[in-house]
$ cat upload_32.cif   # mmCIF, C-alpha atoms
data_protein
loop_
_atom_site.label_atom_id
_atom_site.label_comp_id
_atom_site.auth_asym_id
_atom_site.auth_seq_id
_atom_site.Cartn_x
_atom_site.Cartn_y
_atom_site.Cartn_z
CA MET V 1 100.67 104.89 50.15
CA PRO V 2 103.43 104.17 52.73
CA LYS V 3 102.07 101.94 55.42
CA ILE V 4 101.72 102.94 59.04
CA SER V 5 104.08 100.98 61.26
CA SER V 6 104.09 100.42 65.01
CA ASP V 7 107.39 99.99 66.85
CA THR V 8 107.91 99.05 70.46
CA LEU V 9 107.47 101.62 73.20
CA TRP V 10 111.19 101.23 74.00
CA GLU V 11 112.16 102.13 70.42
CA LEU V 12 109.91 105.16 70.52
CA ALA V 13 111.43 106.29 73.85
CA ALA V 14 114.97 105.80 72.51
CA ALA V 15 114.13 107.86 69.43
CA GLU V 16 112.73 110.63 71.61
CA VAL V 17 115.88 110.73 73.77
CA HIS V 18 118.08 110.85 70.68
CA SER V 19 115.98 113.66 69.25
CA ARG V 20 116.32 115.75 72.39
CA GLU V 21 120.06 115.13 72.67
CA SER V 22 120.59 116.18 69.06
CA GLY V 23 118.87 119.46 69.77
CA GLY V 24 115.64 119.07 67.83
CA ALA V 25 113.07 116.77 66.31
CA GLU V 26 115.28 115.81 63.37
CA ASP V 27 116.59 112.53 62.08
CA ARG V 28 120.14 111.33 62.67
CA ASP V 29 121.52 112.85 59.50
CA GLY V 30 120.10 116.26 60.31
CA GLY V 31 117.48 115.92 57.60
CA GLU V 32 113.76 116.50 57.72
CA ALA V 33 112.12 117.16 61.07
CA VAL V 34 109.96 114.44 62.59
CA ASN V 35 106.37 115.55 63.00
CA GLU V 36 104.62 114.49 66.20
CA ARG V 37 100.90 114.87 66.73
CA THR V 38 98.54 113.84 69.50
CA VAL V 39 95.02 112.51 69.01
CA LEU V 40 92.51 112.02 71.83
CA LEU V 41 89.68 109.55 71.18
CA MET V 42 86.65 109.68 73.44
CA GLY V 43 82.96 108.93 73.15
CA SER V 44 80.14 106.53 73.89
CA LYS V 45 80.86 103.65 76.20
CA ALA V 46 81.32 100.44 74.15
CA GLY V 47 80.80 102.58 71.06
CA GLY V 48 83.54 100.95 69.00
CA LYS V 49 86.43 103.40 69.57
CA THR V 50 89.09 100.71 69.89
CA SER V 51 87.85 98.76 66.86
CA ILE V 52 87.83 101.90 64.71
CA LEU V 53 91.32 102.88 65.91
CA LEU V 54 92.76 99.44 65.16
CA ARG V 55 91.29 99.47 61.66
CA CYS V 56 92.66 102.95 60.99
CA LEU V 57 96.13 101.75 62.08
CA ASP V 58 95.89 98.57 59.96
CA ARG V 59 96.36 96.44 63.05
CA ASP V 60 94.93 92.94 62.92
CA GLU V 61 94.16 92.64 66.62
CA LEU V 62 91.14 91.77 68.71
CA SER V 63 89.74 94.83 70.44
CA LYS V 64 89.43 94.75 74.22
CA PRO V 65 87.45 97.00 76.56
CA THR V 66 89.39 100.18 77.28
CA LEU V 67 90.46 100.50 80.91
CA ALA V 68 90.18 104.17 81.95
CA LEU V 69 92.72 105.87 79.64
CA GLU V 70 94.98 103.91 77.32
CA TYR V 71 97.93 104.98 75.17
CA THR V 72 99.29 103.66 71.91
CA PHE V 73 101.06 105.21 68.96
CA GLY V 74 101.53 104.91 65.25
CA ARG V 75 104.47 105.73 63.02
CA ARG V 76 104.34 106.48 59.33
CA ALA V 77 107.20 106.96 56.90
CA ARG V 78 106.72 109.71 54.35
CA GLY V 79 108.81 107.87 51.78
CA HIS V 80 112.01 105.90 51.26
CA ASN V 81 114.80 106.77 53.73
CA THR V 82 112.74 109.50 55.36
CA PRO V 83 111.99 109.93 59.06
CA LYS V 84 108.79 108.43 60.44
CA ASP V 85 106.15 110.81 61.72
CA ILE V 86 104.68 109.86 65.09
CA ALA V 87 101.07 109.97 66.26
CA HIS V 88 100.49 109.70 70.00
CA LEU V 89 97.05 108.15 70.45
CA TRP V 90 95.07 108.35 73.69
CA GLU V 91 91.76 106.54 74.13
CA LEU V 92 89.39 107.46 76.95
CA GLY V 93 87.19 104.58 78.15
CA GLY V 94 84.10 104.51 80.35
CA GLY V 95 81.97 106.89 78.31
CA THR V 96 81.36 110.06 80.32
CA SER V 97 82.17 108.60 83.74
CA LEU V 98 85.92 109.23 83.45
CA SER V 99 85.84 112.56 81.60
CA ASP V 100 88.21 114.15 84.14
CA LEU V 101 91.03 112.05 82.66
CA VAL V 102 91.17 114.27 79.56
CA GLN V 103 93.65 116.38 81.53
CA ILE V 104 96.32 113.70 81.03
CA PRO V 105 96.73 113.93 77.23
CA ILE V 106 95.88 117.65 77.09
CA THR V 107 99.05 119.38 78.29
CA PRO V 108 101.08 122.51 77.48
CA VAL V 109 103.39 120.26 75.45
CA THR V 110 100.68 118.60 73.33
CA ILE V 111 98.16 121.39 72.89
CA SER V 112 99.84 122.89 69.82
CA CYS V 113 99.52 119.61 67.86
CA LEU V 114 96.39 118.09 69.40
CA SER V 115 93.21 116.85 67.72
CA VAL V 116 90.09 115.27 69.20
CA ILE V 117 87.94 112.46 67.83
CA LEU V 118 84.48 112.03 69.35
CA VAL V 119 82.86 108.63 68.66
CA LEU V 120 79.09 108.55 69.17
CA ASP V 121 77.11 105.29 69.13
CA LEU V 122 74.32 105.79 66.58
CA SER V 123 72.54 102.66 67.83
CA LYS V 124 71.84 104.39 71.17
CA PRO V 125 70.37 107.78 70.22
CA ASN V 126 68.91 108.44 73.68
CA ALA V 127 72.40 108.68 75.16
CA LEU V 128 73.94 110.51 72.22
CA TRP V 129 73.38 114.18 73.13
CA GLY V 130 74.35 113.74 76.78
CA THR V 131 77.55 111.91 75.86
CA MET V 132 78.49 114.51 73.27
CA GLU V 133 77.74 117.45 75.53
CA LYS V 134 79.58 116.24 78.63
CA LEU V 135 82.72 115.05 76.86
CA LEU V 136 83.10 118.13 74.68
CA GLN V 137 82.52 120.41 77.67
CA ALA V 138 85.16 118.54 79.70
CA ALA V 139 87.71 118.64 76.89
CA GLN V 140 87.02 122.26 76.00
CA ALA V 141 87.28 123.44 79.60
CA HIS V 142 90.68 121.78 80.04
CA LEU V 143 91.90 123.02 76.66
CA GLU V 144 91.10 126.58 77.69
CA ARG V 145 92.81 126.14 81.08
CA THR V 146 95.88 124.64 79.46
CA SER V 147 96.07 127.37 76.82
CA SER V 148 95.88 129.99 79.57
CA GLN V 149 98.58 128.16 81.51
CA VAL V 150 100.89 128.18 78.48
CA GLN V 151 100.43 131.89 77.93
CA LYS V 152 101.11 132.74 81.59
CA SER V 153 104.00 130.34 82.24
CA LYS V 154 106.78 132.53 80.80
CA PRO V 155 105.84 136.21 80.64
CA GLY V 156 107.40 138.03 77.74
CA VAL V 157 107.99 134.89 75.70
CA LYS V 158 105.81 134.11 72.74
CA HIS V 159 104.43 130.58 73.16
CA GLN V 160 102.98 128.11 70.79
CA THR V 161 99.23 127.99 71.03
CA PRO V 162 96.89 125.72 69.07
CA SER V 163 98.30 126.89 65.73
CA HIS V 164 95.91 124.72 63.73
CA SER V 165 92.90 125.11 66.00
CA ALA V 166 89.59 125.61 64.30
CA ALA V 167 89.17 129.09 65.76
CA ARG V 168 92.47 130.25 64.25
CA VAL V 169 92.40 128.80 60.78
CA LEU V 170 88.86 129.44 59.65
CA PRO V 171 89.04 131.40 56.40
CA LYS V 172 87.03 134.57 56.07
CA ASP V 173 84.62 132.85 53.70
CA TYR V 174 83.98 129.90 56.06
CA PRO V 175 80.20 129.25 56.08
CA ASP V 176 78.40 130.98 58.98
CA ARG V 177 81.74 132.08 60.44
CA GLU V 178 80.12 134.63 62.75
CA LEU V 179 77.41 132.25 63.98
CA ILE V 180 79.41 129.18 65.00
CA SER V 181 81.60 128.39 68.01
CA PRO V 182 84.66 126.49 66.71
CA PHE V 183 86.16 123.86 68.99
CA PRO V 184 89.61 124.97 70.25
CA VAL V 185 91.40 122.21 68.31
CA PRO V 186 90.49 120.18 65.20
CA LEU V 187 87.52 117.93 65.94
CA LEU V 188 86.21 114.86 64.13
CA ILE V 189 82.82 113.41 65.08
CA ILE V 190 82.33 109.75 64.14
CA GLY V 191 78.89 108.16 64.22
CA SER V 192 79.60 104.48 64.85
CA LYS V 193 77.55 101.30 64.33
CA TYR V 194 75.86 102.58 61.19
CA ASP V 195 74.98 98.97 60.30
CA ILE V 196 72.46 99.03 63.19
CA PHE V 197 71.41 102.64 62.72
CA GLN V 198 70.46 102.13 59.06
CA GLU V 199 67.60 99.86 60.19
CA PHE V 200 65.98 102.69 62.19
CA ASP V 201 62.76 104.38 61.14
CA SER V 202 63.52 106.99 58.44
CA ASP V 203 62.08 109.89 60.48
CA LYS V 204 64.27 109.03 63.46
CA LYS V 205 67.31 108.72 61.22
CA LYS V 206 66.63 112.20 59.88
CA VAL V 207 66.46 113.62 63.41
CA VAL V 208 69.82 112.10 64.39
CA SER V 209 71.51 112.98 61.10
CA LYS V 210 70.34 116.59 60.99
CA THR V 211 71.19 117.11 64.65
CA LEU V 212 74.74 115.79 64.23
CA ARG V 213 75.18 117.93 61.13
CA PHE V 214 74.19 120.96 63.19
CA ILE V 215 76.57 120.01 66.04
CA ALA V 216 79.47 119.35 63.67
CA HIS V 217 78.98 122.64 61.83
CA TYR V 218 78.50 124.55 65.09
CA TYR V 219 81.92 123.33 66.31
CA ALA V 220 83.57 123.59 62.84
CA ALA V 221 84.12 119.83 62.96
CA SER V 222 84.11 117.07 60.38
CA LEU V 223 81.43 114.39 60.54
CA VAL V 224 81.45 110.83 59.24
CA PHE V 225 79.22 107.80 59.84
CA THR V 226 80.93 104.42 59.88
CA SER V 227 80.68 100.73 60.66
CA ILE V 228 83.48 98.22 61.19
CA LYS V 229 81.41 95.85 59.07
CA SER V 230 81.78 98.05 55.99
CA GLU V 231 85.19 98.30 54.30
CA SER V 232 84.00 101.28 52.28
CA LEU V 233 82.92 103.29 55.35
CA ILE V 234 86.06 102.35 57.30
CA SER V 235 88.19 103.50 54.37
CA LYS V 236 86.51 106.92 54.39
CA THR V 237 86.85 107.13 58.18
CA LYS V 238 90.53 106.24 57.92
CA SER V 239 91.03 109.15 55.52
CA PHE V 240 89.78 111.58 58.18
CA PHE V 241 91.88 109.87 60.88
CA LEU V 242 95.10 110.03 58.84
CA HIS V 243 94.45 113.71 58.18
CA LEU V 244 94.47 114.40 61.92
CA ALA V 245 97.21 111.94 62.92
CA PHE V 246 99.68 112.44 60.05
CA SER V 247 98.49 115.57 58.20
CA LEU V 248 97.58 113.57 55.08
CA GLU V 249 95.10 115.02 52.64
CA ARG V 250 91.62 113.78 53.43
CA GLY V 251 89.11 112.58 50.88
CA LYS V 252 86.89 115.09 49.12
CA THR V 253 83.72 112.97 49.19
CA VAL V 254 80.68 114.73 50.63
CA SER V 255 77.39 112.97 51.45
CA SER V 256 74.62 114.84 53.29
CA ASP V 257 71.65 112.57 52.52
CA PRO V 258 70.12 111.74 55.94
CA LEU V 259 69.12 108.29 54.68
CA LYS V 260 72.72 107.46 53.74
CA PRO V 261 75.99 107.48 55.72
CA LEU V 262 76.99 111.10 56.32
CA ILE V 263 80.43 112.22 55.13
CA ILE V 264 80.86 115.94 55.73
CA PRO V 265 84.33 117.52 55.95
CA ALA V 266 84.58 120.66 58.08
CA GLY V 267 83.63 123.74 56.09
CA SER V 268 81.49 121.93 53.52
CA ASP V 269 78.16 122.44 55.32
CA SER V 270 76.09 125.44 56.37
CA PHE V 271 73.06 126.26 58.49
CA GLY V 272 71.19 127.07 55.30
CA GLN V 273 71.81 123.57 53.95
CA ILE V 274 71.02 121.90 57.27
CA GLY V 275 67.75 123.74 57.74
CA SER V 276 65.67 124.07 60.90
CA PRO V 277 65.39 121.39 63.62
CA PRO V 278 63.27 118.41 62.54
CA THR V 279 59.74 118.73 63.88
CA VAL V 280 58.71 115.11 64.36
CA ASP V 281 55.76 115.39 66.77
CA VAL V 282 57.35 118.54 68.22
CA ASP V 283 55.87 122.05 68.24
CA ILE V 284 58.94 124.29 68.13
CA THR V 285 56.92 127.35 69.14
CA SER V 286 56.21 125.73 72.51
CA LEU V 287 59.90 125.39 73.32
CA HIS V 288 61.76 128.12 75.17
CA ALA V 289 65.40 128.06 74.09
CA LYS V 290 68.25 130.43 74.97
CA ASN V 291 70.08 129.96 71.67
CA PRO V 292 69.99 127.82 68.49
CA LYS V 293 72.05 125.02 70.08
CA ASP V 294 69.67 124.88 73.05
CA LEU V 295 66.70 124.72 70.65
CA TRP V 296 68.23 121.76 68.78
CA LYS V 297 68.85 120.04 72.11
CA LYS V 298 65.26 120.48 73.25
CA VAL V 299 63.88 119.17 69.97
CA TYR V 300 66.26 116.21 69.95
CA GLU V 301 65.47 115.23 73.53
CA ARG V 302 61.73 115.39 72.81
CA VAL V 303 62.26 112.68 70.21
CA PHE V 304 64.96 110.79 72.15
CA PRO V 305 64.48 111.39 75.91
CA PRO V 306 67.85 111.19 77.70
CA GLU V 307 68.70 108.23 79.90
CA SER V 308 67.74 108.58 83.56
CA THR V 309 70.24 110.24 85.88
CA ASN V 310 70.08 107.17 88.14
CA GLU V 311 71.52 105.00 85.37
CA GLN V 312 74.24 107.55 84.66
CA ARG V 313 75.14 107.81 88.36
CA GLU V 314 75.36 104.03 88.59
CA LEU V 315 78.04 103.97 85.87
CA LYS V 316 80.34 106.16 87.94
CA ASP V 317 81.23 103.17 90.17
CA PRO V 318 83.75 101.06 88.17
CA ALA V 319 83.22 98.17 90.61
CA LYS V 320 79.71 97.74 89.15
CA ASP V 321 80.82 98.02 85.53
CA PRO V 322 80.60 94.65 83.68
CA GLN V 323 83.63 95.42 81.51
CA TYR V 324 85.86 95.46 84.60
CA SER V 325 84.52 92.20 86.06
CA GLU V 326 86.90 89.83 87.88
CA PRO V 327 84.92 86.72 89.06
CA GLN V 328 87.12 85.81 92.04
CA ILE V 329 87.57 89.38 93.25
CA ASP V 330 83.88 90.19 92.70
CA ALA V 331 82.87 87.10 94.72
CA MET V 332 85.11 88.15 97.61
CA ARG V 333 83.77 91.70 97.37
CA ALA V 334 80.18 90.41 97.50
CA GLN V 335 80.99 88.32 100.56
CA LYS V 336 82.57 91.29 102.35
CA ASP V 337 79.57 93.46 101.43
CA GLN V 338 77.26 90.87 103.00
CA GLU V 339 79.40 90.74 106.13
CA LEU V 340 79.36 94.52 106.34
CA GLU V 341 75.58 94.64 106.00
CA GLN V 342 75.23 91.98 108.72
CA TYR V 343 77.55 93.98 110.98
CA LYS V 344 75.46 97.11 110.41
CA ARG V 345 72.25 95.23 111.29
CA ASN V 346 73.78 93.77 114.47
CA ALA V 347 75.13 97.17 115.48
CA ALA V 348 71.72 98.75 114.94
CA LYS V 349 70.06 96.08 117.12
CA SER V 350 72.64 96.55 119.87
CA TRP V 351 72.18 100.32 119.80
CA LYS V 352 68.40 99.96 119.95
CA GLY V 353 68.75 97.62 122.93
CA LEU V 354 70.88 100.14 124.78
CA GLU V 355 68.28 102.86 124.16
CA LEU V 356 65.49 100.68 125.59
CA GLU V 357 67.56 99.94 128.72
CA THR V 358 68.12 103.61 129.33
#
$ encode --input "upload_32.cif" --output "structure tokens"
Amino acid sequence: MPKISSDTLWELAAAEVHSRESGGAEDRDGGEAVNERTVLLMGSKAGGKTSILLRCLDRDELSKPTLALEYTFGRRARGHNTPKDIAHLWELGGGTSLSDLVQIPITPVTISCLSVILVLDLSKPNALWGTMEKLLQAAQAHLERTSSQVQKSKPGVKHQTPSHSAARVLPKDYPDRELISPFPVPLLIIGSKYDIFQEFDSDKKKVVSKTLRFIAHYYAASLVFTSIKSESLISKTKSFFLHLAFSLERGKTVSSDPLKPLIIPAGSDSFGQIGSPPTVDVDITSLHAKNPKDLWKKVYERVFPPESTNEQRELKDPAKDPQYSEPQIDAMRAQKDQELEQYKRNAAKSWKGLELET
């Protein structure tokens, strides 16, 4: 298999300029067109997104905390003396706190060749549903706005829309086609840190596994569990990644055993195979749900109560986030905060004194 290569940003920019000047995305000799795709990675905070991405790109680098939204790219030659396909890779950091930044990689230019990878930390099941729900809602809302923008920008001209989006390519015999709600673009859900998750109680593992199978099938997405400590799991994850980034054929392995790492390509599962929501200490008849997805949510959150809203609100202030710590700046900030508090107390005393005098 030809190896993925990474050139400098300057070389990539120069190639892009040359492509535009030559009147198309073709190589210098007017040969095969260069394929460009965009992949947005988002998911659980400190869930291993960067580590997984580096392994999929065969980069031997130490992963660092992602600051807000970071960009990199990969290039892959199809063969000898052939143009290199390009994958534009955007990684959203901060978990759900910076979800508004999805609008940067999702544009009228990228939407026709965009895919999304959602990385969920299996070792923190209590935060899993909330993370999944907020990030997918944010991405889907902007995808719909962008698609509408493309269609309205030039009346009378037929535009490219997500040509390979799940909603447009589902075959007529796709399982439960009339019951699911496909994500607007291809979606891959990765359950990370399986090495920790595998030590969980078997009943809890079944709840997480069945729930993620339901979510993946509901959105017509692929699902794979992985761990950077397992070469075998990383290899299978890489197959899914290369399928999205470079249109390579993905592996055909399927594993749906809840006590083993899940590997479920889109279209290979069904509600009949998944079954009903797991009823671990939960009476389903006592739950009032608006739809099947809402029922699964209620059951899941009975087993894994979501994190408190206070904790989630606290994460929205990057100044209090440990991954952005700067000792000298933080010390100065703390000193200024103390001075401000002292000023407020003195002002309050002075104001109280004026009231007593009057």
$ resolve_selection --input "upload_32.cif" --expression "the PyMOL selection byres ((chain V and resi 300) around 10)" --output "number ranges by chain"
V: 125-126, 128-129, 204, 207-208, 210-211, 277-280, 282, 294-299, 301-306
$ resolve_selection --input "upload_32.cif" --expression "the PyMOL selection byres ((chain V and resi 192-202) around 6)" --output "ChimeraX atom specification"
/V:120-123,190-191,203-205,226-227
$ residues_around --input "upload_32.cif" --residues "V:Phe183" --least-positions-apart "2" --cutoff "10 Å" --atoms "only C-alpha atoms" --output "JSON, numbers by chain"
{"V": [116, 136, 139, 140, 143, 165, 166, 167, 180, 181, 185, 186, 187, 216, 218, 219, 220, 221]}
$ atom_distance --input "upload_32.cif" --atom1 "atom CA of V:Leu62" --atom2 "atom CA of V:Gly48"
11.9 Å
$ resolve_selection --input "upload_32.cif" --expression "the PyMOL selection byres ((chain V and resi 89) around 7)" --output "mmCIF file with C-alpha atoms, in the frame of the given file"
data_model
loop_
_atom_site.group_PDB
_atom_site.id
_atom_site.type_symbol
_atom_site.label_atom_id
_atom_site.label_comp_id
_atom_site.auth_asym_id
_atom_site.auth_seq_id
_atom_site.Cartn_x
_atom_site.Cartn_y
_atom_site.Cartn_z
ATOM 1 C CA THR V 38 98.540 113.840 69.500
ATOM 2 C CA VAL V 39 95.020 112.510 69.010
ATOM 3 C CA LEU V 40 92.510 112.020 71.830
ATOM 4 C CA TYR V 71 97.930 104.980 75.170
ATOM 5 C CA THR V 72 99.290 103.660 71.910
ATOM 6 C CA PHE V 73 101.060 105.210 68.960
ATOM 7 C CA ALA V 87 101.070 109.970 66.260
ATOM 8 C CA HIS V 88 100.490 109.700 70.000
ATOM 9 C CA TRP V 90 95.070 108.350 73.690
ATOM 10 C CA GLU V 91 91.760 106.540 74.130
#
